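Engineer: Okay, here's the structure, questions in a sec.
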Amino acid sequence: MKHANLSIFVPHAGCAYRCSFCNQRVISGAQTPPTPETVEALASQSLKALGARASSAQIAFFGGSFTAIDRMDMISLLKAAGRFVGEDGFSGIRISTRPDAVTKEIMDILWEHHVTAIELGVQSMDDAVLSLNGRGHTAADAGKAVRLIREYPMELGLQMMVGLYGDTLDGSLRTARKIADLHPDTVRVYPTVVLKGTGLAALYESGAYRPPGLTETVDACAGMLELFEERGIRVIRMGLHASPDVEEQMIAGVYHPAFRELCESRLYLRRIQGELARRDIRTGRITIYGNPRELSKLTGQKRCNLDALKAQGVVCRVRPDEALEGRQIHIEKEV
Ligand code: SF4
């Protein structure tokens, strides 16, 4: 039901720093933060549209540092949203913020005002990378904020970026492992996109920064997806939402409207190759069975997985098998 959430963007509200990669006005499409009156109007409209589905949806404030907004303004927004939470309303309020803007006092205010989920923009667990990208907080701040949030019965989400200035894909993988060790309920993984007008754009234009390419980023992010899944952490987003604004304003970096599907396809390819190696199948024809709803990911975009297997000498056909769950596969060798 996460798709039913009402997203209200607060572009850069509360942001004391301008992080190297960030331009929320492009990412969210919103230009100005909402007033309490706008929040009430949006919530009322959305409640009518959602009907009974609202009981499993949240009002989500995204695109800024929510808990660093002027205290009275933050409380006014929470109060406006809170009027639409509860019986016959939304299930709660979701906010996103920075690790260094979480204190006991703030947590008490959030808890009192129906906040049921917090997402922290961790971005990297490497202090040098955080500093190079103008984040203004450390990895230790993330750990401290997580421990504090865990004292409250709220859902915790962590967001990370891949391929930031000064980072490597191995470094991003180390960040993913450290994030997994913090045991969030959810994560979002964002490959770095260079947007016009950002600090990163200036670094890119001067030649000081070159983001990693799509293929290697998909490789690294597929590994992260697998890691989080193995640790029971839900990956609720991979890659920026498809948006004409982002497409128009990006000058470099990794952006693909079906980025997650590319990562899942890569996991299928690795699984198939692993199984072929285990059974010492190097050439010939095989049939790969998979869950019917997963076959396009198994095959890969433009049949890229089948082409990669053909290039290594194995010709495949793909068939559905209802008995297989998730990413399970079964391979039969033709004689
Ligand atoms: S990444 Fe977060 S903290 Fe940094 S400028 Fe963007 S919204 Fe503000």
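Following the order of the structure tokens, chains are lettered A, B, ..., residues in each are numbered from 1, and ligands are numbered from 1.
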Can you tell me which residues sit at most 10 Å away from ligand 1, counting only C-alpha atoms and all ligand atoms, written as a PyMOL selection string?

Structural biologist: chain A and resi 10-25+27+62-66+68+96-101+120-123+133-137+198

Engineer: Would you list the contacts of Ala128 of chain A as a list in words, taking every protein, DNA or RNA residue within 12 Å and counting only C-alpha atoms, but skipping same-chain residues closer than 3 positions in sequence?

Structural biologist: Ser124, Met125, Ser131, Leu132, Asn133, Gly134, Arg135, Gly136, His137, Thr138, Ala139, Leu164, Tyr165, Gly166, Asp167, Thr168 and Gly171 of chain A

Engineer: Write the residues of the preceding selection, restricted to all heavy atoms, as a compact mmCIF listing (two decimals), in the first residue's frame.

Structural biologist:
```txt
# COMPACT_ATOMS: atom_id res chain seq x y z
N SER A 124 26.23 8.08 3.04
CA SER A 124 27.48 7.30 3.06
C SER A 124 27.85 7.08 4.51
O SER A 124 27.47 7.86 5.38
CB SER A 124 28.59 8.09 2.35
OG SER A 124 29.84 7.45 2.57
N MET A 125 28.59 6.00 4.77
CA MET A 125 29.09 5.76 6.13
C MET A 125 30.59 6.03 6.17
O MET A 125 31.29 5.54 7.06
CB MET A 125 28.77 4.33 6.58
CG MET A 125 27.29 4.09 6.85
SD MET A 125 26.60 5.09 8.20
CE MET A 125 27.16 4.13 9.62
N SER A 131 32.05 14.47 4.00
CA SER A 131 32.62 15.81 4.02
C SER A 131 32.79 16.36 2.59
O SER A 131 32.43 17.51 2.31
CB SER A 131 33.94 15.74 4.78
OG SER A 131 34.67 16.89 4.57
N LEU A 132 33.33 15.53 1.71
CA LEU A 132 33.53 15.99 0.32
C LEU A 132 32.23 16.40 -0.37
O LEU A 132 32.23 17.21 -1.29
CB LEU A 132 34.18 14.87 -0.51
CG LEU A 132 35.68 14.67 -0.33
CD1 LEU A 132 36.13 13.35 -0.97
CD2 LEU A 132 36.43 15.85 -0.94
N ASN A 133 31.13 15.81 0.09
CA ASN A 133 29.85 16.11 -0.55
C ASN A 133 29.00 17.10 0.26
O ASN A 133 27.79 17.23 0.02
CB ASN A 133 29.08 14.81 -0.82
CG ASN A 133 29.75 14.02 -1.94
OD1 ASN A 133 29.55 14.30 -3.11
ND2 ASN A 133 30.60 13.05 -1.56
N GLY A 134 29.66 17.76 1.21
CA GLY A 134 29.01 18.86 1.93
C GLY A 134 27.85 18.45 2.80
O GLY A 134 26.90 19.22 2.99
N ARG A 135 27.91 17.23 3.36
CA ARG A 135 26.77 16.76 4.13
C ARG A 135 26.64 17.42 5.50
O ARG A 135 25.56 17.52 6.05
CB ARG A 135 26.85 15.23 4.31
CG ARG A 135 26.52 14.45 3.09
CD ARG A 135 25.05 14.51 2.77
NE ARG A 135 24.22 13.88 3.78
CZ ARG A 135 22.90 14.00 3.83
NH1 ARG A 135 22.26 14.74 2.95
NH2 ARG A 135 22.20 13.39 4.76
N GLY A 136 27.79 17.78 6.09
CA GLY A 136 27.71 18.46 7.39
C GLY A 136 27.39 17.56 8.56
O GLY A 136 27.04 18.04 9.64
N HIS A 137 27.46 16.24 8.37
CA HIS A 137 27.33 15.32 9.51
C HIS A 137 28.27 14.14 9.29
O HIS A 137 28.86 14.00 8.21
CB HIS A 137 25.88 14.82 9.69
CG HIS A 137 25.41 13.94 8.57
ND1 HIS A 137 25.69 12.58 8.51
CD2 HIS A 137 24.70 14.22 7.45
CE1 HIS A 137 25.16 12.08 7.41
NE2 HIS A 137 24.56 13.05 6.75
N THR A 138 28.43 13.32 10.32
CA THR A 138 29.36 12.19 10.23
C THR A 138 28.58 10.86 10.24
O THR A 138 27.38 10.85 10.51
CB THR A 138 30.32 12.18 11.44
OG1 THR A 138 29.51 12.00 12.62
CG2 THR A 138 31.10 13.48 11.54
N ALA A 139 29.34 9.78 9.99
CA ALA A 139 28.72 8.45 10.06
C ALA A 139 28.27 8.16 11.49
O ALA A 139 27.23 7.53 11.71
CB ALA A 139 29.72 7.40 9.57
N LEU A 164 29.11 8.45 -5.01
CA LEU A 164 29.26 9.89 -4.74
C LEU A 164 30.68 10.36 -5.04
O LEU A 164 31.61 9.55 -5.17
CB LEU A 164 28.95 10.18 -3.26
CG LEU A 164 27.48 10.32 -2.88
CD1 LEU A 164 27.33 10.38 -1.37
CD2 LEU A 164 26.86 11.56 -3.53
N TYR A 165 30.87 11.66 -5.08
CA TYR A 165 32.19 12.25 -5.27
C TYR A 165 33.12 11.76 -4.15
O TYR A 165 32.78 11.82 -2.97
CB TYR A 165 32.06 13.77 -5.23
CG TYR A 165 33.35 14.53 -5.27
CD1 TYR A 165 34.31 14.26 -6.23
CD2 TYR A 165 33.59 15.56 -4.35
CE1 TYR A 165 35.50 14.97 -6.27
CE2 TYR A 165 34.76 16.29 -4.39
CZ TYR A 165 35.72 15.98 -5.35
OH TYR A 165 36.88 16.68 -5.39
N GLY A 166 34.26 11.23 -4.54
CA GLY A 166 35.23 10.75 -3.54
C GLY A 166 34.98 9.31 -3.11
O GLY A 166 35.76 8.75 -2.32
N ASP A 167 33.90 8.70 -3.59
CA ASP A 167 33.59 7.32 -3.20
C ASP A 167 33.95 6.39 -4.36
O ASP A 167 34.24 6.83 -5.48
CB ASP A 167 32.10 7.19 -2.88
CG ASP A 167 31.81 6.06 -1.89
OD1 ASP A 167 32.75 5.33 -1.53
OD2 ASP A 167 30.64 5.93 -1.49
N THR A 168 33.95 5.10 -4.08
CA THR A 168 34.10 4.08 -5.12
C THR A 168 32.92 3.12 -4.95
O THR A 168 32.23 3.18 -3.93
CB THR A 168 35.40 3.26 -4.93
OG1 THR A 168 35.31 2.64 -3.63
CG2 THR A 168 36.63 4.15 -5.00
N GLY A 171 33.49 1.20 -1.95
CA GLY A 171 33.19 2.03 -0.78
C GLY A 171 31.68 2.07 -0.54
O GLY A 171 31.22 2.00 0.60
```

Engineer: Taking 5 positions as the minimum chain separation for residues in the same chain, which residues sit within 12 Å of Lys333 of chain A when counting only C-alpha atoms? Answer as JSON, numbers by chain.

Structural biologist: {"A": [275, 276, 279, 280, 281, 282, 283, 284, 285, 286, 287, 288, 289, 314, 315, 316, 317]}

Engineer: Expressed in Å to a single decimal, how great is the separation between atom CA of Asn305 of chain A and atom CA of Ser265 of chain A?

Structural biologist: 7.4 Å

Engineer: Using DSSP assignments from the backbone, pull out every residue in segment 136-279 of chain A that falls under helix (DSSP H, G or I) and give it to me as a PyMOL selection string.

Structural biologist: chain A and resi 139-149+169-181+199-206+214-230+244-249+259-278

Engineer: Check the smallest atom-to-atom distance from each of A:Leu200, A:Leu148, A:Ala323, A:Val194 to Glu105 of chain A using only C-alpha atoms, then report the winner.

Structural biologist: A:Leu148

Engineer: Please list as a list in words every residue within 12 Å of Leu269 of chain A, counting only C-alpha atoms and excluding residues in the same chain fewer than 4 positions away.

Structural biologist: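 What passes the distance filter is Asp219, Ala222, Leu262, Cys263, Glu264, Ser265, Gln273, Gly274, Glu275, Leu276, Ile288, Lys297, Leu298, Thr299, Gly300, Gln301, Arg303, Cys304, Asn305, Leu306, Asp307, Ala308, Leu309, Lys310, Cys316, Arg327 and Ile329 of chain A.
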
Engineer: Just the selected residues (N, CA, C and O atoms), exported as a short mmCIF file (atom, residue, chain, number, x, y, z; two decimals), in the first residue's frame, please.

Structural biologist:
```
data_model
loop_
_atom_site.label_atom_id
_atom_site.label_comp_id
_atom_site.auth_asym_id
_atom_site.auth_seq_id
_atom_site.Cartn_x
_atom_site.Cartn_y
_atom_site.Cartn_z
N ASP A 219 25.84 -3.74 -11.25
CA ASP A 219 26.54 -4.85 -10.59
C ASP A 219 26.61 -4.64 -9.09
O ASP A 219 26.28 -5.52 -8.30
N ALA A 222 23.11 -4.58 -7.43
CA ALA A 222 22.51 -5.92 -7.34
C ALA A 222 23.05 -6.62 -6.08
O ALA A 222 22.29 -7.26 -5.34
N LEU A 262 16.74 -3.76 -13.51
CA LEU A 262 18.06 -4.10 -14.04
C LEU A 262 18.87 -4.86 -12.99
O LEU A 262 19.56 -5.83 -13.29
N CYS A 263 18.77 -4.40 -11.73
CA CYS A 263 19.52 -5.05 -10.64
C CYS A 263 18.98 -6.47 -10.40
O CYS A 263 19.74 -7.41 -10.20
N GLU A 264 17.66 -6.60 -10.42
CA GLU A 264 17.07 -7.92 -10.19
C GLU A 264 17.46 -8.88 -11.32
O GLU A 264 17.74 -10.06 -11.08
N SER A 265 17.48 -8.37 -12.54
CA SER A 265 17.89 -9.21 -13.69
C SER A 265 19.33 -9.67 -13.51
O SER A 265 19.68 -10.82 -13.82
N GLN A 273 24.26 -18.43 -13.72
CA GLN A 273 25.67 -18.77 -13.98
C GLN A 273 26.25 -19.62 -12.84
O GLN A 273 27.00 -20.55 -13.07
N GLY A 274 25.84 -19.30 -11.62
CA GLY A 274 26.31 -20.07 -10.46
C GLY A 274 25.85 -21.52 -10.55
O GLY A 274 26.61 -22.46 -10.30
N GLU A 275 24.58 -21.69 -10.94
CA GLU A 275 24.01 -23.03 -11.05
C GLU A 275 24.69 -23.83 -12.18
O GLU A 275 25.00 -25.01 -12.04
N LEU A 276 24.94 -23.14 -13.31
CA LEU A 276 25.62 -23.82 -14.43
C LEU A 276 27.03 -24.24 -14.00
O LEU A 276 27.48 -25.35 -14.32
N ILE A 288 15.25 -22.90 -18.52
CA ILE A 288 15.25 -22.31 -17.18
C ILE A 288 13.80 -22.05 -16.78
O ILE A 288 13.06 -21.37 -17.50
N LYS A 297 12.19 -10.39 -15.71
CA LYS A 297 13.45 -10.09 -15.00
C LYS A 297 14.46 -11.20 -15.25
O LYS A 297 15.66 -10.96 -15.41
N LEU A 298 13.98 -12.44 -15.26
CA LEU A 298 14.88 -13.58 -15.51
C LEU A 298 15.54 -13.46 -16.90
O LEU A 298 16.74 -13.67 -17.07
N THR A 299 14.70 -13.06 -17.87
CA THR A 299 15.19 -12.94 -19.24
C THR A 299 16.11 -11.74 -19.41
O THR A 299 17.07 -11.77 -20.17
N GLY A 300 15.79 -10.66 -18.66
CA GLY A 300 16.59 -9.43 -18.74
C GLY A 300 16.06 -8.52 -19.83
O GLY A 300 15.38 -8.97 -20.76
N GLN A 301 16.36 -7.22 -19.70
CA GLN A 301 15.89 -6.26 -20.71
C GLN A 301 16.47 -6.60 -22.07
O GLN A 301 17.68 -6.85 -22.17
N ARG A 303 16.31 -9.22 -23.58
CA ARG A 303 16.84 -10.60 -23.48
C ARG A 303 18.34 -10.62 -23.17
O ARG A 303 19.07 -11.53 -23.56
N CYS A 304 18.81 -9.61 -22.43
CA CYS A 304 20.27 -9.50 -22.24
C CYS A 304 20.85 -10.69 -21.46
O CYS A 304 21.98 -11.10 -21.72
N ASN A 305 20.07 -11.25 -20.52
CA ASN A 305 20.61 -12.40 -19.78
C ASN A 305 20.80 -13.60 -20.71
O ASN A 305 21.81 -14.31 -20.65
N LEU A 306 19.80 -13.80 -21.59
CA LEU A 306 19.89 -14.95 -22.50
C LEU A 306 21.05 -14.76 -23.48
O LEU A 306 21.77 -15.71 -23.81
N ASP A 307 21.25 -13.51 -23.90
CA ASP A 307 22.36 -13.22 -24.81
C ASP A 307 23.71 -13.47 -24.12
O ASP A 307 24.65 -14.00 -24.72
N ALA A 308 23.81 -13.06 -22.84
CA ALA A 308 25.07 -13.26 -22.10
C ALA A 308 25.37 -14.76 -21.95
O ALA A 308 26.51 -15.20 -22.10
N LEU A 309 24.31 -15.55 -21.72
CA LEU A 309 24.52 -16.99 -21.56
C LEU A 309 24.88 -17.64 -22.90
O LEU A 309 25.74 -18.53 -22.97
N LYS A 310 24.24 -17.13 -23.95
CA LYS A 310 24.55 -17.64 -25.30
C LYS A 310 26.02 -17.35 -25.63
O LYS A 310 26.73 -18.21 -26.19
N CYS A 316 19.49 -20.84 -24.14
CA CYS A 316 18.44 -21.05 -23.12
C CYS A 316 17.05 -20.76 -23.67
O CYS A 316 16.89 -19.88 -24.50
N ARG A 327 12.68 -15.48 -6.41
CA ARG A 327 13.69 -15.59 -7.47
C ARG A 327 14.21 -17.02 -7.63
O ARG A 327 15.28 -17.22 -8.20
N ILE A 329 14.88 -20.54 -9.20
CA ILE A 329 14.92 -21.04 -10.59
C ILE A 329 15.18 -22.55 -10.56
O ILE A 329 15.64 -23.10 -9.56
#
```

Engineer: Considering only C-alpha atoms, can you say which of A:Thr116, A:Thr192, A:Asn5, A:Gln249 comes closest to Ala60 of chain A?

Structural biologist: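 That would be A:Asn5, the residue with the smallest distance to Ala60 of chain A.
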